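Only one structure is covered here, and it is reproduced in the block below.
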Number of protein chains: 2
Amino acid sequence: MTPASRAECEDLDRADPLGRFRSEFDLPAGLIYLDGNSLGAMPRNVTAALQKVAAEEWARGLIRSWNHAGWVDAGTRVGAKIARLLGAAEDEVVVADSTSINLYKAIGAAIQAGHDGWVLTDEGNFPTDLYVVEAAVRQFGAKGLRLVPRERLREEIRSDVDLVTASHVDYRTGHMLDMAELTEAAGAAGALFVWDLCHSAGAVPVDLAEAGVDLAVGCTYKYLNGGPGSPAFIHVSSRFQDRLRSPIPGWFGHQDTFAFGSEYAPAGGARRFQAGTPGILGLAGLEVAVDLWLDVDMATARAKSVALSELLIDRVGERCAPHGVGLASPRDPALRGSHVSLTHPDAHGVVQALGAAGVIADHRPPDLVRLGLTPLYTRFVDVWDAIEILAEVLDSQTYREAAFAVRERVP
Amino acid sequence: MTPASRAECEDLDRADPLGRFRSEFDLPAGLIYLDGNSLGAMPRNVTAALQKVAAEEWARGLIRSWNHAGWVDAGTRVGAKIARLLGAAEDEVVVADSTSINLYKAIGAAIQAGHDGWVLTDEGNFPTDLYVVEAAVRQFGAKGLRLVPRERLREEIRSDVDLVTASHVDYRTGHMLDMAELTEAAGAAGALFVWDLCHSAGAVPVDLAEAGVDLAVGCTYKYLNGGPGSPAFIHVSSRFQDRLRSPIPGWFGHQDTFAFGSEYAPAGGARRFQAGTPGILGLAGLEVAVDLWLDVDMATARAKSVALSELLIDRVGERCAPHGVGLASPRDPALRGSHVSLTHPDAHGVVQALGAAGVIADHRPPDLVRLGLTPLYTRFVDVWDAIEILAEVLDSQTYREAAFAVRERVP
């Protein structure tokens with residue numbers, strides 16, 4: 001039962017066990033932010049953390065802070081915390097580089113380790129994933145890349161497939177794959193599975209150990225709230241750490257980074273997938289956000305995410321259906337991540353008009369209005385009000401003018 | 001003529017045309033920092049810039065800041081500024097990733113473009129460079145890697161060499177290669193040259209256009225003062241931009257990042273060597289530092305750097321020669337970068353004892369005491385005092401105990 005009035009939404013917000021987290025974020029007054037699936041809001045403690053890392057650790061500690069302030073281990077330390085959120089062992093996750101780079105490393109490592117037959121992926125995978133995977137398949141000499149519709153991934157995992165990669169949650173529709181089932185199917189076929197968790201980490205419960213996941217990558221700037229372009233993570237199961245080597249063997253992946261030896265000896269654990277010197281400012285912002293997440297019960301967050309999305313879908317059905325608004329996301333919450341995408345022929349204009357009315361969503365071509373539901377700081381009243389505003393935008397057709405506004409493009 | 005007294009050093013500091021820059025940095029009182037060649041000091045304006053990017057752009061602007069706060073172009077914008085420092089065209093340099101990743105991209109791109117014969121490098125090149133180059137040579141199918149002594153690089157550039165890579169300034173000795181001569185020799189042999197400018201950018205005058213440089217990479221956290229692990233840069237000459245493609249084709253290197261097209265079309269200019277989403281906090285710190293550099297006359301900085309290093313070498317000769325201290329750096333300043341390395345059998349202990357006495361230097365195995373001379377904030381009196389303290393350390397042999405201190409390792 002979704003709430004039937006704004007007052008009921010207020011009741012839900014008052015009773016929300018995650019309600020206290022909203023005050024941990026610095027959110028602009030009067031704005032309904034439904035784009036935390038693109039860039040999460042800023043945890044309040046970030047500014048103090050940045051001040052500390054800059055004015056104390058960098059300015060005062062200078063080079064000594066690599067040891068004294070724990071910079072040298074920041075990638076593995078924050079990786080270990082993310083591992084706890086994802087149900088992995090602490091040394092199976094490291095923070096490093098970007099998702100694109102990490103996906104390249106994961107695919108390259110798997111192919112180099114002998115998984116050089118056919119590589120399978122969802123033809124609608126996130127574009128940068130497709131670019132990077134296609135390049136890695138060619139460069140590392142796998143047999144070729146098979147692109148299939150997302151719904152056929154399971155049946156296309158055949159014996160000649162050596163490597164599969166897909167986004168756990170689709171960036172457009174929010175459709176969520178069955179991680180355990182697909183990983184098992186890949187394993188049974190002798191293939192490794194590389195999961196992209198960009199729209200999963202902090203969005204839906206993920207238990208990498210239980211699902212038997214081999215390799216995974218993901219960004220930290222969406223639901224994890226790590227900050228704009230915050231560094232990404234890579235997960236390598238302990239089952240494969242010994243035989244997988246990063247194709248980019250930089251010194252921070254060396255077992256003894258500062259020995260300056262001429263021979264490369266990879267570190268143990270996922271740390272071997274670090275490459276160059278880690279960006280400490282980005283890691284500092286991210287660590288604040290991850291520390292917040294360590295206090296969150298993910299099942300509670302998931303329950304709230306589902307309740308928010310059910311409310312959104314129900315309200316859209318009641319208020320917006322006459323205006324040609326459709327649902328691109330699965331109706332079954334078990335198949336959805338933590339965002340809901342609506343369809344509208346003038347989706348770009350609708351998103352612009354929403355923005356002008358104080359509701360931040362985003363547009364994905366051609367016809368999607370994407371609404372992110374971040375359970376740590378999105379309230380039930382936010383969803384209620386957002387759909388009221390969407391109905392007004394559609395009623396008044398302000399989106400027709402807004403469509404001519406300068407097109408803004410965001411990650 | 002180097003100054004013969006501390007008073008003369010004070011005179012030089014008072015007359016220093018770069019003297020005003022020292023106050024632009026936040027330096028700890030009472031510390032002599034001679035490790036700016038590892039991690040540059042913090043420009044004072046960094047804390048305010050981080051505050052702005054976090055509390056205003058991220059917290060208030062949220063996703064809109066990708067457009068409104070110029071995040072989306074930060075890599076090319078800061079790259080264009082670094083290009084001005086290095087004598088390159090603005091679209092020939094982009095800030096992205098780490099030096100390790102950028103070197104991998106540069107070597108991979110060159111081999112993929114047909115430079116797949118022998119690859120030549122200095123056997124004493126920075127270890128991470130050797131690791132990455134060796135891996136790229138193997139993965140991209142070049143004929144093989146030839147490691148030769150640095151002093152033989154010129155003569156080893158033969159007709160079967162297709163690609164050469166070396167550090168312009170050696171990280172241990174500070175020895176500087178002749179960039180124009182070697183680049184020309186490579187070109188005459190039909191080879192591309194990839195320069196590592198980690199110890200050059202902000203340290204010595206670099207004119208990539210005049211030297212006819214093909215490709216270059218470098219870090220920004222040393223002499224450029226970009227902050228711990230600040231993002232690196234990559235330079236791609238306009239002569240090769242069309243035929244060189246990054247082996248890691250992420251969406252920020254796509255000509256239309258947010259079109260979400262399934263086909264990869266590389267951007268023009270060096271921007272095609274961006275990969276994933278850029279780290280905005282790291283770029284914000286770096287931009288403050290680069291903006292400072294844009295006000296510096298590099299010839300003036302070089303003259304001061306040489307004067308500081310001459311003072312250092314002369315004073316070491318006068319004060320420390322009886323103690324088994326040697327000079328690992330070239331005696332001719334024209335062959336030196338902006339650091340001076342001394343040799344001592346117990347270099348580790350000496351560096352520890354210096355640190356305890358308020359002089360930060362660093363140790364490079366086996367026997368080097370490395371002293372960085374950063375002309376924007378190192379004074380003549382700092383060098384004078386540092387060598388007095390070094391002489392005391394050697395006289396009193398405090399380094400013998402200090403050698404047993406915990407070994408600290410820093411990038």
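Just remember, in the structure tokens the first chain shown is A, the second B, etc., residues are 1-based per chain, and ligands are 1-based in the order shown.
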- Could you write out as a ChimeraX atom specification the residues of chain A within 6 Å of chain B, counting only C-alpha atoms? /A:26,28,39,42,59-60,63,66,98,100,127-128,131-132,228-230,248-251,258,260,262,276-282,409-410
- Residues of region 297-398 of chain B in strand (DSSP E or B) according to DSSP, as JSON, numbers by chain? {"B": [326, 327, 336, 339, 340, 341, 342, 343, 359, 360, 362, 363, 364, 368, 369, 370, 371, 372]}
- Gap from CA of Ile313 (chain A) to CA of Arg331 (chain A) - Å, one decimal: 8.3 Å
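CA of Ala391 (chain B) is positioned 13.4 Å from CA of Val369 (chain B).
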- How many Å separate CA of Leu373 (chain A) from CA of Ala301 (chain A)? 10.5 Å
- Task: Enumerate, as a ChimeraX atom specification, the complete set of residues in region 123-328 of chain B that a backbone-based DSSP assignment places in alpha helix (DSSP H).
- Result: /B:127-139,153-156,179-188,280-293,298-319
- Could you tell me which of B:Gly174, B:Gly358, B:Gly324, B:Gly79 comes closest to Val204 (chain B) if we count only C-alpha atoms? B:Gly174
- Message: Show me, as a PyMOL selection string, the residues that have an atom within 10 Å of Met298 (chain A) when counting only C-alpha atoms, minus same-chain residues fewer than 3 positions from it.
- Response: chain A and resi 85-86+202-206+293-295+301-304+375
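Here the question is which of A:Glu181, A:Asp122, A:Asp297, A:Asp162 gets nearest to Pro17 (chain A) using only C-alpha atoms, and that residue is A:Asp297.
For the choices A:Gly114, A:Gly326, A:Gly70, A:Gly226, the atom-to-atom distance to Arg370 (chain A) is smallest for A:Gly326 when using only C-alpha atoms.
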- Item | Ser309 (chain A) surroundings by only C-alpha atoms, 9 Å radius, close-in-sequence under 5 positions cut, as number ranges by chain | A: 304, 314, 333, 338-340, 372-373, 383
- Task: Quick one: everything within 6 Å of Glu92 (chain B), counting only C-alpha atoms, minus sequence neighbours fewer than 4 positions away in the same chain. Send it as an MDAnalysis selection string.
- Result: chainID B and resid 235:237 269:270
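For the choices A:Trp384, A:Phe233, A:Phe193, A:Phe21, the atom-to-atom distance to Ser167 (chain A) is smallest for A:Phe193 when using only C-alpha atoms.
The residue that comes closest to His199 (chain B), out of B:Ala186, B:Phe240, B:Val213, B:Val169 and on the basis of only C-alpha atoms, is B:Val169.
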- Query: So which residues touch Val137 (chain A) within 8 Å, counting only C-alpha atoms, skipping near sequence neighbours fewer than 4 positions away, as a ChimeraX atom specification?
  - Reply: /A:107-108,111,119,133,141-145
- Distance criterion (only C-alpha atoms): nearest to Pro149 (chain B) out of B:Ala113, B:Leu120, B:Leu244, B:Cys198: B:Leu120
